Amino acid sequence: MSSESWPPQLKEWVARCLGQMSDANRTEAQAELRQVIADSFVNKTLWTTDWAGVQLQSLLPKNTAENPLSSLKRKFNEASIANASSNKKTKKTAMSKHAGHNSLDPNDEAAINRRAARFQREHAIERQKGLNGNGNGHVSSLHANPARSHLFHSRSQSPAMAGDDPEADPNVPNWDRFTIVGTNKEIFKDYLRLTSEPKPEQIRPYQVLQQTLDALKTRWREKANYNWICSQFKSLRQDLTVQRIKNEFTVNVYEIHARMALEVGDMVEYNQCQAMLRNLYDLGIPGKHEEFTAYRILLLLHGRNRSDLNLYVGQLTAKQKSSEAVKHALAVQRAQSFGNYHAFFDLYLNAPNMGAYIMDHFIARERVKALMIMTKSYRSLPLAFIQSELAFDTPADARAFLSEYGVNAFQNPNSPDEEAILDCKPSHPILTQAFEEKFRKIQIKGAV
């Protein structure tokens with residue numbers, strides 16, 4: 001769980017809690033803080049919780065709380081008692097040595113006051129560092145403050161490295177040191193794979209990226225070349241990644257690029273976008289989650305990956321199952337599993353959103369399967385019936401499809417397409433062989 005994906009309200013709340021911690025409650029408060037954030041992440045409520053109203057129990061004032069002066073006296077007296085119990089005969093000598101080493105007399109009120117004031121100044125400096133971690137009064141990442149980054153790495157540290165200073169542990173990198181903010185003002189920039197550390201002058205800031213997305217949508221409506229559009233979107237996504245920007249705008253960018261890729265049949269780019277969207281949705285960032293859940297189901301149907309499909313469908317929530325897009329995808333799954341080709345092609349013609357674009361990738365396979373059933377069940381079939389049942393635009397399209405798979409056995413081959421009748425008996429073995437050769441195995445480029 002990376003803190004750069006947190007909502008601003010959560011970051012402000014964490015900064016406020018860290019500023020309220022003291023030496024007395026720091027361990028307990030840090031443990032409670034981690035637990036609250038972990039529970040919210042598991043429940044996917046990071047973006048919906050009113051963090052301003054959340055109160056850590058360990059930071060509430062206790063009735064037995066003491067002021068710094070009395071606490072210092074108590075700690076000093078406990079230390080003195082411990083020394084006295086170790087050697088009763090040399091009690092006075094031990095006390096005098098202890099006082100000599102520390103130059104602090106337990107009865108010296110002025111010295112104790114000075115020490116308490118110094119502790120308070122140190123705490124104030126730490127609190128100020130946390131509040132000004134990103135220069136604008138908000139904390140962009142808890143890892144920006146090395147003195148507190150151990151909060152989110154303590155589970156991976158060994159006991160020897162479990163101190164407050166993570167600099168002692170080389171396995172705890174300070175990622176904020178590598179985060180940059182771009183200064184490039186160009187709206188359009190071609191995609192180039194990074195081969196070295198990115199420079200701010202090569203990266204566009206968040207405001208420019210928003211302008212870039214609007215301009216790319218306009219260009220797409222004007223029928224711009226897809227290869228150029230794709231390069232621009234990959235560059236846009238790269239600038240977002242380099243600057244560790246994960247918010248609703250990031251989700252919108254990936255969703256738009258995924259739809260464009262579907263429209264032109266670019267499944268490699270679509271699968272890359274879909275994989276990133278799944279991660280962003282898991283972080284609790286809002287978007288068109290149900291729409292792309294339906295696409296995911298249809299893509300698994302295309303790949304005939306039954307185990308992953310059953311696992312994915314079993315994890316769907318009631319809210320997801322109630323959306324029209326997911327209902328349609330599940331209906332397609334049922335029609336395909338039952339061999340109900342009539343219902344399947346009716347769903348194909350009435351697919352919501354861009355579901356038909358994904359179904360286009362396996363519609364030929366389902367047509368051949370349907371024809372295998374039909375030619376085994378009937379002696380002859382009018383071409384017009386095949387056209388209507390299998391969702392072809394015209395009888396000519398149906399005839400061209402049959403010819404593509406070597407089926408040309410018509411009872412009246414010289415008749416117009418509207419009157420042509422398919423001879424089913426010789427056609428069935430040809431369709432069976434074609435299915436075995438072309439559709440028995442499948443490989444999806446870029447599948448995840």
# chains A, B, ... in the order shown; residues from 1 in each chain; ligands from 1

$ residues_around --residues "range 403-410 of chain A" --least-positions-apart "3" --cutoff "6 Å" --atoms "only C-alpha atoms" --output "PyMOL selection string"
chain A and resi 400+413+421-423+427

$ residues_around --residues "range 249-259 of chain A" --least-positions-apart "2" --cutoff "6 Å" --atoms "only C-alpha atoms" --output "ChimeraX atom specification"
/A:246-247,261-262,270,273

$ write_last_selection --atoms "N, CA, C and O atoms" --output "PDB file, in the first residue's frame"
ATOM      1  N   LYS A 246      -1.757   9.130  -8.837  1.00  0.00           N
ATOM      2  CA  LYS A 246      -2.805   8.103  -8.888  1.00  0.00           C
ATOM      3  C   LYS A 246      -4.068   8.686  -8.276  1.00  0.00           C
ATOM      4  O   LYS A 246      -4.207   8.738  -7.056  1.00  0.00           O
ATOM      5  N   ASN A 247      -4.972   9.139  -9.126  1.00  0.00           N
ATOM      6  CA  ASN A 247      -6.222   9.731  -8.668  1.00  0.00           C
ATOM      7  C   ASN A 247      -7.290   9.494  -9.723  1.00  0.00           C
ATOM      8  O   ASN A 247      -7.108   8.680 -10.646  1.00  0.00           O
ATOM      9  N   ALA A 261      -8.554   1.774 -27.681  1.00  0.00           N
ATOM     10  CA  ALA A 261      -7.898   0.545 -28.126  1.00  0.00           C
ATOM     11  C   ALA A 261      -8.925  -0.512 -28.528  1.00  0.00           C
ATOM     12  O   ALA A 261      -8.728  -1.243 -29.511  1.00  0.00           O
ATOM     13  N   LEU A 262     -10.017  -0.604 -27.788  1.00  0.00           N
ATOM     14  CA  LEU A 262     -11.080  -1.546 -28.156  1.00  0.00           C
ATOM     15  C   LEU A 262     -11.682  -1.206 -29.513  1.00  0.00           C
ATOM     16  O   LEU A 262     -11.961  -2.094 -30.329  1.00  0.00           O
ATOM     17  N   TYR A 270      -5.084  -2.461 -24.852  1.00  0.00           N
ATOM     18  CA  TYR A 270      -6.255  -2.575 -23.987  1.00  0.00           C
ATOM     19  C   TYR A 270      -5.918  -3.374 -22.726  1.00  0.00           C
ATOM     20  O   TYR A 270      -6.290  -2.978 -21.615  1.00  0.00           O
ATOM     21  N   CYS A 273      -3.931  -1.345 -20.261  1.00  0.00           N
ATOM     22  CA  CYS A 273      -4.784  -0.386 -19.549  1.00  0.00           C
ATOM     23  C   CYS A 273      -5.661  -1.091 -18.524  1.00  0.00           C
ATOM     24  O   CYS A 273      -5.835  -0.605 -17.396  1.00  0.00           O
TER      25      CYS A 273
END

$ closest_residue --among "A:Arg334, A:Lys327, A:Arg278, A:Arg399" --to "Ala420 in chain A" --atoms "only C-alpha atoms"
A:Arg399

$ closest_atom_pairs --of "range 338-432 of chain A" --to "range 297-307 of chain A" --cutoff "7 Å" --atoms "only C-alpha atoms" --output "Markdown table"
| residue | atom | partner | partner_atom | distance |
| --- | --- | --- | --- | --- |
| A:Ile358 | CA | A:Leu299 | CA | 6.6 |
| A:Met359 | CA | A:Leu298 | CA | 6.9 |
| A:Phe362 | CA | A:His302 | CA | 5.7 |

$ residues_around --residues "Glu366 in chain A" --least-positions-apart "6" --cutoff "12 Å" --atoms "only C-alpha atoms" --output "VMD selection string"
chain A and resid 301 to 302 304 332 335 to 337 339 to 345 348 359 to 360 372 to 373 389 to 391 431 435 439

$ write_last_selection --atoms "N, CA, C and O atoms" --output "CSV table (one decimal), in the first residue's frame"
chain,number,residue,atom,x,y,z
A,301,LEU,N,-14.1,-14.9,-21.4
A,301,LEU,CA,-14.9,-15.8,-22.3
A,301,LEU,C,-14.2,-15.9,-23.6
A,301,LEU,O,-14.2,-17.0,-24.2
A,302,HIS,N,-13.6,-14.9,-24.1
A,302,HIS,CA,-12.8,-15.0,-25.3
A,302,HIS,C,-11.6,-15.9,-25.1
A,302,HIS,O,-11.4,-16.8,-26.0
A,304,ARG,N,-11.5,-18.3,-23.0
A,304,ARG,CA,-12.0,-19.6,-22.5
A,304,ARG,C,-11.2,-20.1,-21.3
A,304,ARG,O,-10.9,-21.3,-21.1
A,332,VAL,N,-24.2,-13.5,-21.2
A,332,VAL,CA,-23.4,-14.0,-22.3
A,332,VAL,C,-22.7,-15.3,-21.9
A,332,VAL,O,-22.6,-16.3,-22.6
A,335,ALA,N,-25.3,-18.1,-21.8
A,335,ALA,CA,-25.7,-18.6,-23.1
A,335,ALA,C,-24.6,-19.4,-23.8
A,335,ALA,O,-24.8,-20.4,-24.4
A,336,GLN,N,-23.3,-19.0,-23.6
A,336,GLN,CA,-22.2,-19.7,-24.2
A,336,GLN,C,-22.1,-21.1,-23.5
A,336,GLN,O,-21.9,-22.1,-24.2
A,337,SER,N,-22.2,-21.1,-22.2
A,337,SER,CA,-22.0,-22.4,-21.5
A,337,SER,C,-23.1,-23.4,-21.8
A,337,SER,O,-22.9,-24.6,-21.8
A,339,GLY,N,-24.7,-23.4,-24.7
A,339,GLY,CA,-24.9,-23.6,-26.1
A,339,GLY,C,-26.1,-23.0,-26.7
A,339,GLY,O,-26.5,-23.4,-27.8
A,340,ASN,N,-26.6,-22.0,-26.1
A,340,ASN,CA,-27.8,-21.3,-26.5
A,340,ASN,C,-27.4,-20.2,-27.5
A,340,ASN,O,-27.3,-19.0,-27.1
A,341,TYR,N,-27.2,-20.6,-28.8
A,341,TYR,CA,-26.6,-19.6,-29.7
A,341,TYR,C,-27.7,-18.5,-30.1
A,341,TYR,O,-27.3,-17.4,-30.4
A,342,HIS,N,-29.0,-18.8,-30.0
A,342,HIS,CA,-30.0,-17.8,-30.3
A,342,HIS,C,-29.9,-16.7,-29.3
A,342,HIS,O,-29.9,-15.5,-29.7
A,343,ALA,N,-29.8,-17.0,-28.0
A,343,ALA,CA,-29.7,-16.0,-27.0
A,343,ALA,C,-28.3,-15.3,-27.1
A,343,ALA,O,-28.2,-14.1,-26.9
A,344,PHE,N,-27.3,-16.1,-27.4
A,344,PHE,CA,-25.9,-15.5,-27.5
A,344,PHE,C,-25.9,-14.4,-28.5
A,344,PHE,O,-25.4,-13.3,-28.3
A,345,PHE,N,-26.4,-14.6,-29.7
A,345,PHE,CA,-26.3,-13.6,-30.8
A,345,PHE,C,-27.3,-12.5,-30.6
A,345,PHE,O,-27.1,-11.3,-31.0
A,348,TYR,N,-25.4,-10.3,-28.4
A,348,TYR,CA,-24.3,-9.6,-29.2
A,348,TYR,C,-24.9,-8.4,-29.9
A,348,TYR,O,-24.2,-7.3,-29.9
A,359,MET,N,-16.6,-8.8,-28.0
A,359,MET,CA,-17.3,-10.0,-28.6
A,359,MET,C,-16.9,-10.2,-30.0
A,359,MET,O,-16.9,-11.4,-30.5
A,360,ASP,N,-16.6,-9.2,-30.7
A,360,ASP,CA,-16.1,-9.3,-32.1
A,360,ASP,C,-14.9,-10.2,-32.3
A,360,ASP,O,-14.8,-10.9,-33.3
A,372,MET,N,-22.2,-25.8,-36.5
A,372,MET,CA,-22.0,-27.2,-36.3
A,372,MET,C,-23.3,-27.8,-35.7
A,372,MET,O,-23.7,-28.9,-36.1
A,373,ILE,N,-23.9,-27.1,-34.7
A,373,ILE,CA,-25.1,-27.6,-34.1
A,373,ILE,C,-26.3,-27.6,-35.1
A,373,ILE,O,-27.0,-28.6,-35.2
A,389,GLU,N,-30.2,-15.6,-37.8
A,389,GLU,CA,-30.0,-16.3,-36.5
A,389,GLU,C,-28.6,-16.0,-36.0
A,389,GLU,O,-28.4,-15.9,-34.8
A,390,LEU,N,-27.6,-15.8,-36.9
A,390,LEU,CA,-26.2,-15.6,-36.5
A,390,LEU,C,-25.8,-14.2,-36.6
A,390,LEU,O,-24.6,-13.9,-36.5
A,391,ALA,N,-26.7,-13.3,-36.7
A,391,ALA,CA,-26.4,-11.8,-36.6
A,391,ALA,C,-25.5,-11.3,-37.7
A,391,ALA,O,-24.6,-10.5,-37.5
A,431,LEU,N,-17.3,-28.0,-41.3
A,431,LEU,CA,-17.3,-27.1,-40.2
A,431,LEU,C,-16.6,-27.7,-39.0
A,431,LEU,O,-15.8,-26.9,-38.3
A,435,PHE,N,-13.3,-26.0,-37.3
A,435,PHE,CA,-13.3,-25.6,-35.9
A,435,PHE,C,-12.1,-26.2,-35.2
A,435,PHE,O,-11.4,-25.5,-34.4
A,439,PHE,N,-9.9,-23.1,-34.0
A,439,PHE,CA,-10.3,-22.6,-32.7
A,439,PHE,C,-10.1,-23.5,-31.6
A,439,PHE,O,-10.5,-23.1,-30.4

$ closest_residue --among "A:Ala351, A:Met21, A:Met276, A:Leu33" --to "Thr241 in chain A" --atoms "only C-alpha atoms"
A:Met276

$ closest_residue --among "A:Leu383, A:Phe401, A:Gly19, A:Asp308" --to "Ile363 in chain A" --atoms "only C-alpha atoms"
A:Phe401

$ residues_around --residues "range 35-51 of chain A" --least-positions-apart "3" --cutoff "7 Å" --atoms "only C-alpha atoms" --output "number ranges by chain"
A: 7, 9-10, 13, 31-32, 54, 283-285

$ select_by_dssp --residues "range 270-424 of chain A" --states "helix (DSSP H, G or I)" --output "ChimeraX atom specification"
/A:270-282,289-303,306-314,318-322,324-338,341-349,355-359,363-377,383-389,395-404,424

$ atom_distance --atom1 "CA of Gln315 in chain A" --atom2 "CA of Asn350 in chain A"
25.6 Å

$ residues_around --residues "Pro200 in chain A" --least-positions-apart "2" --cutoff "6 Å" --atoms "only C-alpha atoms" --output "list in words"
Gly182, Thr183, Gln202 and Ile203 of chain A

$ residues_around --residues "Ser231 in chain A" --least-positions-apart "5" --cutoff "9 Å" --atoms "only C-alpha atoms" --output "list in words"
Lys189, Asp190, Tyr191, Leu192, Tyr226 and Leu236 of chain A

$ atom_distance --atom1 "CA of Ala215 in chain A" --atom2 "CA of Glu186 in chain A"
11.7 Å

$ closest_residue --among "A:His328, A:Lys234, A:Lys223, A:Arg244" --to "Val264 in chain A" --atoms "only C-alpha atoms"
A:Lys223

$ residues_around --residues "Arg440 in chain A" --least-positions-apart "3" --cutoff "12 Å" --atoms "only C-alpha atoms" --output "PyMOL selection string"
chain A and resi 303-304+365+368-369+432-437+443

$ closest_residue --among "A:Met260, A:Leu316, A:Leu311, A:Ile245" --to "Leu216 in chain A" --atoms "only C-alpha atoms"
A:Met260

$ atom_distance --atom1 "CA of Leu381 in chain A" --atom2 "CA of His361 in chain A"
25.9 Å
